[in-house]
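Shown next, in structure tokens, is the structure this report addresses.
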Amino acid sequence: MTHRERCVHGATPDLVADGVTVRLGDRALLDDVHVHARGGRVTGLLGPNGSGKTTLLHVLAGIRKPNRGTVLVGDVAVRSLSHRRRARTIALVEQHAATTTDLTVRQVVALGRLPHRRMLAGPGSDAGAAVVDDVLDLVGLTDLADRGWTTLSGGERQRAHLARTLAQQPEVLLLDEPTNHLDLGQQLRFLALARELGLTTVAALHDLELATAFCDDVVVLDAGRVRGHGPVGATLTAPLLREVYRVEASLDPHPRLDRDHLVWDGHVEETA
Ligand SMILES: Nc1ncnc2c1ncn2[C@@H]1O[C@H](COP(=O)(O)OP(=O)(O)OP(=O)(O)O)[C@@H](O)[C@H]1O
């Protein structure tokens with residue numbers, strides 16, 4: 001059995017947010033948001049600071065109840081799933097997932113097996129231990145498996161959080177700014193791995209160049225509304241980048257690689 005077969009069930013349902021509105025007092029953090037993340041594809045969730053990306057990820061994960069609208073994974077409403085079932089279906093890697101614990105890296109990653117506990121033969125189940133070994137290997141942390149969690153660097157912790165999440169064997173992977181703390185090589189490795197897993201993935205990203213290189217589709221949020229949604233090249237147009245990010249920029253054919261890349265001139269001067 002391959003890493004991927006052990007780590008992934010093989011099911012890659014679509015994830016759909018239908019008319020999601022989240023209000024805080026009289027302010028809409030999300031306003032009638034429709035998103036369709038295609039099964040097995042990587043969808044980038046883009047938008048300026050405070051545009052609602054984390055709020056939407058929490059709604060997609062089923063941990064925040066919207067005031068209106070629903071989230072469907074396949075044809076099932078996320079909020080109708082039991083906690084255990086939800087944890088085996090959707091996994092969220094949070095932006096600042098702080099964990100202070102005396103546990104080792106392996107023990108932290110093994111926590112990802114909790115939603116599968118009843119299915120295991122016992123505490124030392126070979127199946128569960130094999131999954132933990134596989135995901136540690138996938139993220140390149142085998143050599144650090146027995147280290148204390150608190151001794152890890154920020155980037156190593158980020159990869160360990162991903163490993164814990166993959167140990168849940170989810171069908172849908174939600175990533176909140178997953179490349180924070182990572183050096184360029186690790187950013188590229190992390191996103192390449194996310195693609196390779198073949199899960200339905202939604203990743204909030206600030207780096208538009210990385211989004212262009214690694215995402216199949218993007219959703220662009222601005223002040224809680226969807227301003228663009230579709231394939232990267234067709235969505236990240238110069239007018240949209242100007243209106244949403246207030247930058248003069250465009251996606252141009254890369255001179256050497258078979259893909260577009262982001263070329264920016266500068267920010268738009270705001271007139272008083
Ligand atoms: N509990 C809260 N109380 C008040 N405002 C909140 C709360 N949670 C979120 N907000 C506001 O909702 C808006 C959206 O926040 P959110 O974290 O979803 O944005 P984001 O796009 O993920 O931002 P960033 O790119 O800066 O991480 C922001 O203006 C934020 O200040």
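Order determines the names: the first chain of the structure tokens is A, the second B, and so forth; residues in each chain are numbered 1 upward, and ligands are numbered 1 upward as they are shown.
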Would you give me, as CSV, each residue of chain A having an atom within 12 Å of an atom of ligand 1, along with its shortest atom pair and that distance in Å to one decimal, using only C-alpha atoms and all ligand atoms and sorting by chain and residue number?
```
residue,atom,partner,partner_atom_place_in_ligand_line,distance
A:Val22,CA,ligand 1,12 (O),9.4
A:Arg23,CA,ligand 1,12 (O),9.1
A:Leu24,CA,ligand 1,4 (C),7.0
A:Gly25,CA,ligand 1,4 (C),9.1
A:Asp26,CA,ligand 1,4 (C),11.3
A:Arg27,CA,ligand 1,12 (O),8.7
A:Ala28,CA,ligand 1,12 (O),8.2
A:Leu29,CA,ligand 1,12 (O),5.1
A:Leu30,CA,ligand 1,14 (C),7.9
A:Asp31,CA,ligand 1,14 (C),11.3
A:Leu45,CA,ligand 1,21 (O),8.9
A:Leu46,CA,ligand 1,21 (O),7.8
A:Gly47,CA,ligand 1,21 (O),6.2
A:Pro48,CA,ligand 1,25 (O),5.7
A:Asn49,CA,ligand 1,26 (O),3.4
A:Gly50,CA,ligand 1,19 (O),3.5
A:Ser51,CA,ligand 1,21 (O),3.9
A:Gly52,CA,ligand 1,18 (O),3.3
A:Lys53,CA,ligand 1,21 (O),3.8
A:Thr54,CA,ligand 1,22 (O),3.7
A:Thr55,CA,ligand 1,18 (O),3.7
A:Leu56,CA,ligand 1,18 (O),6.5
A:Leu57,CA,ligand 1,18 (O),8.0
A:His58,CA,ligand 1,18 (O),8.5
A:Val59,CA,ligand 1,18 (O),10.1
A:Arg64,CA,ligand 1,8 (N),10.9
A:Glu94,CA,ligand 1,22 (O),10.6
A:Gln95,CA,ligand 1,27 (O),8.0
A:His96,CA,ligand 1,27 (O),10.1
A:Leu175,CA,ligand 1,22 (O),11.3
A:Asp176,CA,ligand 1,22 (O),7.9
A:Glu177,CA,ligand 1,27 (O),7.9
A:Pro178,CA,ligand 1,27 (O),11.6
A:Asn180,CA,ligand 1,27 (O),11.0
A:Ala203,CA,ligand 1,22 (O),11.1
A:Ala204,CA,ligand 1,22 (O),7.7
A:Leu205,CA,ligand 1,25 (O),8.2
A:His206,CA,ligand 1,25 (O),7.1
A:Asp207,CA,ligand 1,25 (O),10.9
A:Val219,CA,ligand 1,21 (O),11.8
A:Val220,CA,ligand 1,21 (O),10.0
A:Leu221,CA,ligand 1,21 (O),7.6
A:Asp222,CA,ligand 1,21 (O),8.2
A:Ala223,CA,ligand 1,14 (C),7.6
A:Gly224,CA,ligand 1,14 (C),7.1
A:Arg225,CA,ligand 1,14 (C),10.8
A:Val226,CA,ligand 1,21 (O),11.8
A:Tyr245,CA,ligand 1,25 (O),11.7
```
Practice item. Name all residues at most 12 Å from range 136-144 of chain A (count only C-alpha atoms; drop same-chain ones fewer than 4 positions away) and give them as a ChimeraX atom specification. Key: /A:2-4,6-7,104-110,112,129-132,148-153,155-167,186-187,189-194,196-197
Any chance you could export the current selection's N, CA and C atoms as a short mmCIF file (atom, residue, chain, number, x, y, z; two decimals), in the first residue's frame?
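Contents of out-v9.cif, as written:
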```cif
data_model
loop_
_atom_site.label_atom_id
_atom_site.label_comp_id
_atom_site.auth_asym_id
_atom_site.auth_seq_id
_atom_site.Cartn_x
_atom_site.Cartn_y
_atom_site.Cartn_z
N THR A 2 0.57 2.22 -0.86
CA THR A 2 1.39 3.43 -0.94
C THR A 2 1.05 4.40 0.18
N HIS A 3 1.96 5.42 0.35
CA HIS A 3 1.68 6.46 1.33
C HIS A 3 0.29 7.03 1.11
N ARG A 4 0.05 7.38 -0.17
CA ARG A 4 -1.21 8.07 -0.47
C ARG A 4 -2.41 7.20 -0.13
N ARG A 6 -2.59 4.90 2.10
CA ARG A 6 -2.77 4.79 3.55
C ARG A 6 -3.31 6.08 4.14
N CYS A 7 -2.85 7.22 3.56
CA CYS A 7 -3.19 8.51 4.16
C CYS A 7 -4.53 9.03 3.70
N THR A 104 5.87 14.17 22.56
CA THR A 104 6.83 14.12 21.44
C THR A 104 6.08 14.43 20.14
N VAL A 105 6.85 14.63 19.08
CA VAL A 105 6.26 14.91 17.78
C VAL A 105 5.35 13.74 17.37
N ARG A 106 5.84 12.52 17.56
CA ARG A 106 5.04 11.35 17.16
C ARG A 106 3.72 11.29 17.93
N GLN A 107 3.80 11.61 19.23
CA GLN A 107 2.57 11.57 20.05
C GLN A 107 1.57 12.63 19.61
N VAL A 108 2.09 13.82 19.25
CA VAL A 108 1.18 14.87 18.78
C VAL A 108 0.52 14.43 17.48
N VAL A 109 1.32 13.87 16.58
CA VAL A 109 0.77 13.43 15.29
C VAL A 109 -0.26 12.31 15.51
N ALA A 110 0.02 11.44 16.49
CA ALA A 110 -0.90 10.33 16.77
C ALA A 110 -2.26 10.82 17.27
N GLY A 112 -4.01 12.82 15.85
CA GLY A 112 -4.85 12.85 14.66
C GLY A 112 -5.62 11.55 14.45
N ALA A 129 -0.50 3.04 13.85
CA ALA A 129 0.93 3.35 13.94
C ALA A 129 1.53 3.50 12.54
N ALA A 130 1.06 2.67 11.60
CA ALA A 130 1.58 2.75 10.23
C ALA A 130 1.19 4.07 9.58
N VAL A 131 -0.03 4.53 9.84
CA VAL A 131 -0.46 5.82 9.28
C VAL A 131 0.40 6.94 9.85
N VAL A 132 0.64 6.89 11.17
CA VAL A 132 1.47 7.93 11.80
C VAL A 132 2.87 7.92 11.19
N GLY A 148 10.98 16.32 21.57
CA GLY A 148 9.92 17.02 22.29
C GLY A 148 9.31 18.09 21.40
N TRP A 149 7.99 18.22 21.47
CA TRP A 149 7.28 19.16 20.60
C TRP A 149 7.84 20.58 20.71
N THR A 150 8.13 21.02 21.96
CA THR A 150 8.53 22.41 22.18
C THR A 150 9.90 22.73 21.58
N THR A 151 10.66 21.69 21.21
CA THR A 151 11.99 21.95 20.65
C THR A 151 11.93 22.23 19.14
N LEU A 152 10.75 22.09 18.54
CA LEU A 152 10.65 22.27 17.08
C LEU A 152 10.69 23.74 16.69
N SER A 153 11.22 24.01 15.52
CA SER A 153 11.16 25.37 14.97
C SER A 153 9.75 25.64 14.46
N GLY A 155 8.72 26.31 11.47
CA GLY A 155 8.45 25.58 10.22
C GLY A 155 8.24 24.09 10.46
N GLU A 156 9.04 23.53 11.39
CA GLU A 156 8.88 22.11 11.72
C GLU A 156 7.51 21.86 12.37
N ARG A 157 7.10 22.81 13.21
CA ARG A 157 5.77 22.65 13.83
C ARG A 157 4.67 22.71 12.78
N GLN A 158 4.85 23.60 11.81
CA GLN A 158 3.85 23.72 10.75
C GLN A 158 3.70 22.37 10.02
N ARG A 159 4.83 21.75 9.74
CA ARG A 159 4.77 20.44 9.04
C ARG A 159 4.18 19.37 9.95
N ALA A 160 4.49 19.45 11.25
CA ALA A 160 3.94 18.47 12.19
C ALA A 160 2.42 18.63 12.31
N HIS A 161 1.94 19.89 12.28
CA HIS A 161 0.49 20.11 12.30
C HIS A 161 -0.15 19.48 11.07
N LEU A 162 0.52 19.61 9.92
CA LEU A 162 -0.02 18.98 8.71
C LEU A 162 -0.05 17.47 8.88
N ALA A 163 1.02 16.91 9.46
CA ALA A 163 1.08 15.46 9.65
C ALA A 163 -0.05 15.00 10.56
N ARG A 164 -0.29 15.74 11.67
CA ARG A 164 -1.38 15.38 12.58
C ARG A 164 -2.72 15.39 11.84
N THR A 165 -2.87 16.41 10.99
CA THR A 165 -4.11 16.54 10.23
C THR A 165 -4.26 15.38 9.24
N LEU A 166 -3.18 15.03 8.56
CA LEU A 166 -3.26 13.93 7.58
C LEU A 166 -3.50 12.60 8.27
N ALA A 167 -3.04 12.49 9.54
CA ALA A 167 -3.29 11.25 10.28
C ALA A 167 -4.78 11.03 10.50
N GLN A 186 10.68 25.03 1.65
CA GLN A 186 9.62 24.31 2.37
C GLN A 186 8.23 24.74 1.88
N GLN A 187 8.09 26.01 1.50
CA GLN A 187 6.80 26.45 0.94
C GLN A 187 6.48 25.64 -0.30
N ARG A 189 7.75 22.75 -1.25
CA ARG A 189 7.54 21.34 -0.91
C ARG A 189 6.15 21.12 -0.31
N PHE A 190 5.76 22.02 0.60
CA PHE A 190 4.48 21.88 1.30
C PHE A 190 3.32 21.92 0.30
N LEU A 191 3.35 22.89 -0.59
CA LEU A 191 2.23 23.04 -1.53
C LEU A 191 2.25 21.92 -2.59
N ALA A 192 3.46 21.49 -2.97
CA ALA A 192 3.54 20.36 -3.92
C ALA A 192 2.94 19.12 -3.27
N LEU A 193 3.24 18.93 -1.98
CA LEU A 193 2.68 17.78 -1.26
C LEU A 193 1.16 17.89 -1.18
N ALA A 194 0.68 19.09 -0.86
CA ALA A 194 -0.78 19.29 -0.76
C ALA A 194 -1.44 18.90 -2.10
N GLU A 196 -0.20 16.84 -4.40
CA GLU A 196 0.03 15.43 -4.66
C GLU A 196 -0.96 14.53 -3.90
N LEU A 197 -1.41 14.99 -2.73
CA LEU A 197 -2.32 14.18 -1.92
C LEU A 197 -3.63 13.91 -2.64
#
```
Exercise for review: Would you mind listing what lies within 9 Å of Leu60 in chain A as a list in words, with only C-alpha atoms counted and same-chain residues fewer than 3 positions away left out?
Suggested key: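 Near neighbours after the sequence-gap exclusion: Leu15, Val16, Ala17, Thr55, Leu56, Leu57, Ile63, Arg64, Thr70, Val71, Leu72, Val73, Val78, Ile90 and Leu174 of chain A.
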Would you output that residue set with C-alpha atoms, as a PDB file, in the first residue's frame?
```pdb
ATOM      1  CA  LEU A  15     -17.064  21.110  -1.022  1.00  0.00           C
ATOM      2  CA  VAL A  16     -19.736  23.732  -1.597  1.00  0.00           C
ATOM      3  CA  ALA A  17     -20.635  26.824   0.409  1.00  0.00           C
ATOM      4  CA  THR A  55     -13.989  33.037   8.979  1.00  0.00           C
ATOM      5  CA  LEU A  56     -14.937  31.169   5.795  1.00  0.00           C
ATOM      6  CA  LEU A  57     -12.516  28.323   6.542  1.00  0.00           C
ATOM      7  CA  ILE A  63     -16.842  24.724  13.480  1.00  0.00           C
ATOM      8  CA  ARG A  64     -18.593  28.077  12.955  1.00  0.00           C
ATOM      9  CA  THR A  70     -25.094  25.806   4.229  1.00  0.00           C
ATOM     10  CA  VAL A  71     -21.886  23.928   3.507  1.00  0.00           C
ATOM     11  CA  LEU A  72     -22.116  20.622   1.699  1.00  0.00           C
ATOM     12  CA  VAL A  73     -19.396  18.010   1.490  1.00  0.00           C
ATOM     13  CA  VAL A  78     -21.267  19.561   7.173  1.00  0.00           C
ATOM     14  CA  ILE A  90     -12.672  17.524   7.013  1.00  0.00           C
ATOM     15  CA  LEU A 174      -8.485  23.173   4.784  1.00  0.00           C
TER      16      LEU A 174
END
```
Point to revise | Spatial neighbours of range 255-263 of chain A, 7 Å, only C-alpha atoms, chain gap at least 6 places, as a PyMOL selection string | key: chain A and resi 209+212+249
Would you mind exporting the chosen residues as a compact mmCIF listing (two decimals), in the first residue's frame, restricted to N, CA and C atoms?
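Listed below is the output, part.txt:
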```txt
# COMPACT_ATOMS: atom_id res chain seq x y z
N GLU A 209 1.73 34.64 -6.12
CA GLU A 209 2.61 33.87 -7.01
C GLU A 209 2.48 32.37 -6.70
N THR A 212 -0.83 31.17 -7.94
CA THR A 212 -0.82 30.98 -9.39
C THR A 212 -0.16 29.66 -9.75
N ALA A 249 -0.99 45.20 -11.17
CA ALA A 249 -0.32 43.91 -11.35
C ALA A 249 -1.10 43.10 -12.38
```
Revision key, fill the gap. Using only C-alpha atoms, the shortest atom-to-atom distance to Val42 in chain A among A:Gly185, A:Pro253, A:Gly198, A:Gly128 belongs to A:Gly198
Practice item. To one decimal in Å, tell me the separation between CA of Gly44 in chain A and CA of Asp216 in chain A. Key: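 The value is 7.8 Å.
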Exercise for review: Would you please extract all strand (DSSP E) residues from range 124-189 of chain A, as assigned by DSSP on the backbone, and give them as a list of chain:residue names?
Suggested key: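 Put together, the selection reads A:Val172, A:Leu173, A:Leu174, A:Leu175, A:Asp176.
Distances from A:Leu173, A:Leu251, A:Leu236, A:Leu184 to Thr200 in chain A were compared using only C-alpha atoms, and the smallest one belongs to A:Leu173.
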